[in-house]
Amino acid sequence: MRGEWQLVWWSLAAVIGVIMAQFEYHETDTFDQIDHLFRSVIPDNCYIKPLKDLYMPVDSVSHLPDIQQININPIFPNRTALYHLHNMAHSRGFFFSYILQSRFKRPAVNASDSASEYDPGFMYYFLSTVADVAANPRINSSAVYFQPNMAYTSSYKGFFNKTLPLFAPRTFRMDDYNDPVHLERISTLNFFQVEDLGAILPKGQRSLNYTLEDYRINEWYYSWLPYTNLQQDKLTTYQVKIRYANNTNETFVFHGPNAADETPGPVKLTRPYFDCGRSNKWSVPAITPVADLHPRHTQFRHIEFPTRTAIAVMEMDFERIDINQCPRGEGNSGPNRFADTARCKKDTTECEPLDGYGFRRGGYQCRCKPGYRLPNVVRRPYLGELIERATLYQYRSAFMCTPIGWIQKLPFDYNKMSPWERHKYLSKDFNNVTGSEALRANTINVDQVIEFLKSVTKDNCHQFPPDDLILRGDVAYGVEAQFENEARMALRLANFLSAFLQIVDHQEIFSGVRVVDRPLTEDQMMGEVLSIILGNSRIWASGMYWDRGKFTNRTLFAPLAYKTILNTRKFFMEDLARLNSTRDSYVNKPWFRKLKTRWSTNFDDLEKYWLRLKLRHNATGMYGRKYERYPTFYKAAELRHGQWSVPEFDCDGFVKKWVIHYTAPFFGWDALRAKLEFKGAIRVTMDLLKLDITQCPSEYYVQNAFKDTHRCDRKTSYCVPIQGRGFDTGGYKCECIQGYEYPFEDPITYFDGQLMEAEYINIVRNKKTRYDFLKCRVAGAAALQSSSIVILGLLFFSLVLRR
């Protein structure tokens, strides 16, 4: 019996030892410190936590977007969500600056009941923040915070020369798993809490006043506010030239956020904080200031000065932002709290970050250093996720690379290929077709396709047949992923219009002095489309196209904002309703008619968004109360409901480039408010040549015009795409396949695609080329060769001795 108990105890000890052994080599590092802080603050204890525990260090989010580098360096996938957060805040700051100042384009109104009629109403502010969150799954909060007594509104009658004490419309995403509205008990992520954080008592409640330090989590407020106006013309100005439907022109100059070339830039990203008492999550905010003329309604313009009156704040969850655990280097120079926390074995491997892992360990892979190769039994670089989970024995005995034997140098003296060798390569995958026919041949000639695209300019585009200026759809392969952020900016505006047209009833009458929002105005719609190209530099044009008779007091209305050069403060806007000929009217364009036909009858596929909306009790705030319809909902399009155009050269349009468009529909009630109907569409335009082409192989069903056009040696290497090289050849690298090694002395361990393409062009032009040398070597061949040479040397030496 005693022996049995000893066996049980020894077995238990062995099991515990095996379990603990896998964590034995894990030493506490900076990730554990941040993770402990992340887990220690919860909704139940955040109110009593010290202030320092509600904030994370500044460097806990690394590689922040730099607006001065956006059009120079590529935005990699692990920062596209953070970059989109930056652009959305930037766009909202521009819109509210434009619309708050555009009232000065109109004649002054003396009647006290309508002194603020040009300002957006309550529902415009609230539904605008709702659309920011609803159309962007990675953004979980949106708000506009006004300084005290600087918010004007048109939602109260008899509200002359008076401001709201505090006004802060905010929307954040709720978890509707246990909400009685959804009987399925499934979290849809389409449920939003909407409230006015300025709806508090005028005096007291200091902990609820977001402008005071007692609020504790309002570091975002102090990033730009309170603002002291030191001089009259300190704020940056922007210019937009407008051409209205009646062919009258106007140049409007307005103040806005800082420009991209200024320091600081237009957007600040503060350190992550715990959103205590609100969304109860760790959030990362992006903040942009809103400019306005203050004070207003004085009728004395000489005493009105530009100032910052509010901030637009967008937030995303901290745990969804990728961390970089690799050591410091050129791509990870810092500040980065998580630098050098990867588990790669530094003697033979080096770290490379991966995207999509968020705030957790393992978002990297360990590649072999130059001079080393993977063992023959390993196919791909070691994943950090597997290394982090490995036991101590596995970690010590694996995840390393094998030294390469003899290392060669790339030849510096080389010759032309012999005729039969040159014919071998050219007959296999070269098609000598030039011009526009290069894309129509059975075997595509990538170099000639790109050369043709670059040869078409705004000066000679009319010399080409119309069919040559429209490309196949598979030329734009990958556009859905690479231009997703730009498409979501169009989707956000379509989402807002759908919400406003379905929720706001202009015939509604409220008790007291509150009035319903007025119908959408031309200035508001022009400001919306203008803010898209102001907030995202990759969008060259954005337009809002209303169907016939759907916009208030207008038969047709289609404001289009565009720019002609990349970095500019001057923009243009056209109302395309002035094109009154049947051929030029936008309602007769194929893309508009196709979208209208698609959404003419059936709206069941649209996404349903639920709102829990709380307004203020009265003009001074007091407390929040439920909206008359609580909760309420609206239906809007998702990203998949929009349509991408085929690439084309917009020779007769405003953006004379090779472009691609994304169009999103928006919907509202009919005249009887009985059923939904198609109201119009939002369209954005992007530069096709900013798209990364993919030359690597794919499955047979993938529609990619440039698929499998790489120049890697197919017997010894495989193709891996490289991002950020644009619409040009060579956007890939040739990695050695399993059982082969990179034989050259080089700071990299692969053949660069641009080198492969350049050497192949030398073959085509019958010049000197090293193309035949750019191949991987059989793994271990150098060691076998060296050992055979030693054996031959010994045999030769023994024969000499015998003689």
# chains A, B, ... in the order shown; residues from 1 in each chain; ligands from 1
>>> residues_around(residues="A:Met622", least_positions_apart="6", cutoff="6 Å", atoms="only C-alpha atoms", output="number ranges by chain")
A: 199-201
>>> write_last_selection(atoms="N, CA, C and O atoms", output="tab-separated table (two decimals), in the first residue's frame")
chain	number	residue	atom	x	y	z
A	199	ALA	N	-24.51	66.71	-20.30
A	199	ALA	CA	-25.81	66.80	-19.64
A	199	ALA	C	-25.64	66.57	-18.14
A	199	ALA	O	-26.00	65.52	-17.60
A	200	ILE	N	-25.06	67.56	-17.46
A	200	ILE	CA	-24.87	67.49	-16.02
A	200	ILE	C	-25.36	68.81	-15.42
A	200	ILE	O	-25.69	69.76	-16.15
A	201	LEU	N	-25.43	68.85	-14.12
A	201	LEU	CA	-25.85	70.07	-13.45
A	201	LEU	C	-24.86	71.20	-13.73
A	201	LEU	O	-23.65	70.96	-13.81
>>> select_by_dssp(residues="stretch 374-472 of chain A", states="helix (DSSP H, G or I)", output="PyMOL selection string")
chain A and resi 384-389+392-397+419-429+435-439+446-455+461-463+466-469
>>> atom_distance(atom1="atom CA of A:Phe167", atom2="atom CA of A:Thr307")
17.0 Å
>>> residues_around(residues="A:Ile387", least_positions_apart="4", cutoff="8 Å", atoms="only C-alpha atoms", output="list of chain:residue names")
A:Arg343, A:Cys344, A:Gly362, A:Tyr382, A:Leu383, A:Tyr395, A:Phe399
>>> closest_atom_pairs(of="stretch 539-565 of chain A", to="stretch 222-243 of chain A", cutoff="12 Å", atoms="only C-alpha atoms", output="JSON lines")
{"residue": "A:Ala558", "atom": "CA", "partner": "A:Arg243", "partner_atom": "CA", "distance": 11.5}
{"residue": "A:Pro559", "atom": "CA", "partner": "A:Arg243", "partner_atom": "CA", "distance": 9.3}
{"residue": "A:Leu560", "atom": "CA", "partner": "A:Ile242", "partner_atom": "CA", "distance": 9.6}
{"residue": "A:Ala561", "atom": "CA", "partner": "A:Ile242", "partner_atom": "CA", "distance": 8.8}
{"residue": "A:Tyr562", "atom": "CA", "partner": "A:Val240", "partner_atom": "CA", "distance": 9.6}
{"residue": "A:Lys563", "atom": "CA", "partner": "A:Val240", "partner_atom": "CA", "distance": 9.6}
>>> write_last_selection(atoms="N, CA and C atoms", output="PDB file, in the first residue's frame")
ATOM      1  N   ALA A 558     -25.451  66.736 -56.380  1.00  0.00           N
ATOM      2  CA  ALA A 558     -24.298  65.833 -56.378  1.00  0.00           C
ATOM      3  C   ALA A 558     -23.017  66.632 -56.150  1.00  0.00           C
ATOM      4  N   PRO A 559     -22.703  66.990 -54.901  1.00  0.00           N
ATOM      5  CA  PRO A 559     -21.437  67.685 -54.628  1.00  0.00           C
ATOM      6  C   PRO A 559     -20.248  66.734 -54.752  1.00  0.00           C
ATOM      7  N   LEU A 560     -19.247  67.165 -55.496  1.00  0.00           N
ATOM      8  CA  LEU A 560     -18.023  66.378 -55.701  1.00  0.00           C
ATOM      9  C   LEU A 560     -16.835  67.227 -55.302  1.00  0.00           C
ATOM     10  N   ALA A 561     -16.041  66.744 -54.344  1.00  0.00           N
ATOM     11  CA  ALA A 561     -14.821  67.425 -53.911  1.00  0.00           C
ATOM     12  C   ALA A 561     -13.623  66.667 -54.465  1.00  0.00           C
ATOM     13  N   TYR A 562     -12.617  67.404 -54.930  1.00  0.00           N
ATOM     14  CA  TYR A 562     -11.436  66.756 -55.500  1.00  0.00           C
ATOM     15  C   TYR A 562     -10.230  67.668 -55.318  1.00  0.00           C
ATOM     16  N   LYS A 563      -9.054  67.103 -55.554  1.00  0.00           N
ATOM     17  CA  LYS A 563      -7.806  67.848 -55.518  1.00  0.00           C
ATOM     18  C   LYS A 563      -7.007  67.503 -56.764  1.00  0.00           C
TER      19      LYS A 563
END
>>> residues_around(residues="stretch 71-76 of chain A", least_positions_apart="6", cutoff="9 Å", atoms="only C-alpha atoms", output="VMD selection string")
chain A and resid 65 83 355 537 to 538 566 723 to 725
>>> write_last_selection(atoms="C-alpha atoms", output="compact mmCIF listing (two decimals), in the first residue's frame")
# COMPACT_ATOMS: atom_id res chain seq x y z
CA PRO A 65 1.30 57.10 -37.64
CA TYR A 83 -3.70 54.82 -39.38
CA ASP A 355 0.37 41.36 -37.99
CA SER A 537 -4.55 61.83 -48.53
CA ARG A 538 -4.95 58.63 -50.58
CA LEU A 566 -1.10 65.52 -53.55
CA GLN A 723 4.28 45.25 -49.42
CA GLY A 724 4.72 48.91 -50.17
CA ARG A 725 6.32 48.79 -53.63
>>> closest_atom_pairs(of="stretch 479-539 of chain A", to="stretch 692-707 of chain A", cutoff="12 Å", atoms="only C-alpha atoms", output="Markdown table")
| residue | atom | partner | partner_atom | distance |
| --- | --- | --- | --- | --- |
| A:Val479 | CA | A:Asp692 | CA | 8.6 |
| A:Glu480 | CA | A:Asp692 | CA | 11.7 |
| A:Ala481 | CA | A:Asp692 | CA | 10.6 |
| A:Gln482 | CA | A:Asp692 | CA | 7.9 |
| A:Phe483 | CA | A:Asp692 | CA | 10.4 |
>>> write_last_selection(atoms="N, CA and C atoms", output="PDB file, in the first residue's frame")
ATOM      1  N   VAL A 479      -7.439  45.167 -54.207  1.00  0.00           N
ATOM      2  CA  VAL A 479      -7.898  46.515 -53.880  1.00  0.00           C
ATOM      3  C   VAL A 479      -8.821  46.503 -52.668  1.00  0.00           C
ATOM      4  N   GLU A 480      -9.599  45.423 -52.476  1.00  0.00           N
ATOM      5  CA  GLU A 480     -10.523  45.375 -51.345  1.00  0.00           C
ATOM      6  C   GLU A 480      -9.791  45.443 -50.010  1.00  0.00           C
ATOM      7  N   ALA A 481      -8.613  44.846 -49.931  1.00  0.00           N
ATOM      8  CA  ALA A 481      -7.852  44.869 -48.679  1.00  0.00           C
ATOM      9  C   ALA A 481      -6.990  46.112 -48.570  1.00  0.00           C
ATOM     10  N   GLN A 482      -6.324  46.506 -49.657  1.00  0.00           N
ATOM     11  CA  GLN A 482      -5.375  47.610 -49.584  1.00  0.00           C
ATOM     12  C   GLN A 482      -6.060  48.975 -49.502  1.00  0.00           C
ATOM     13  N   PHE A 483      -7.256  49.106 -50.069  1.00  0.00           N
ATOM     14  CA  PHE A 483      -7.997  50.364 -50.016  1.00  0.00           C
ATOM     15  C   PHE A 483      -9.241  50.241 -49.130  1.00  0.00           C
TER      16      PHE A 483
END
>>> atom_distance(atom1="atom CA of A:Leu197", atom2="atom CA of A:Tyr210")
7.8 Å
>>> atom_distance(atom1="atom CA of A:Gly358", atom2="atom CA of A:Ile217")
23.4 Å
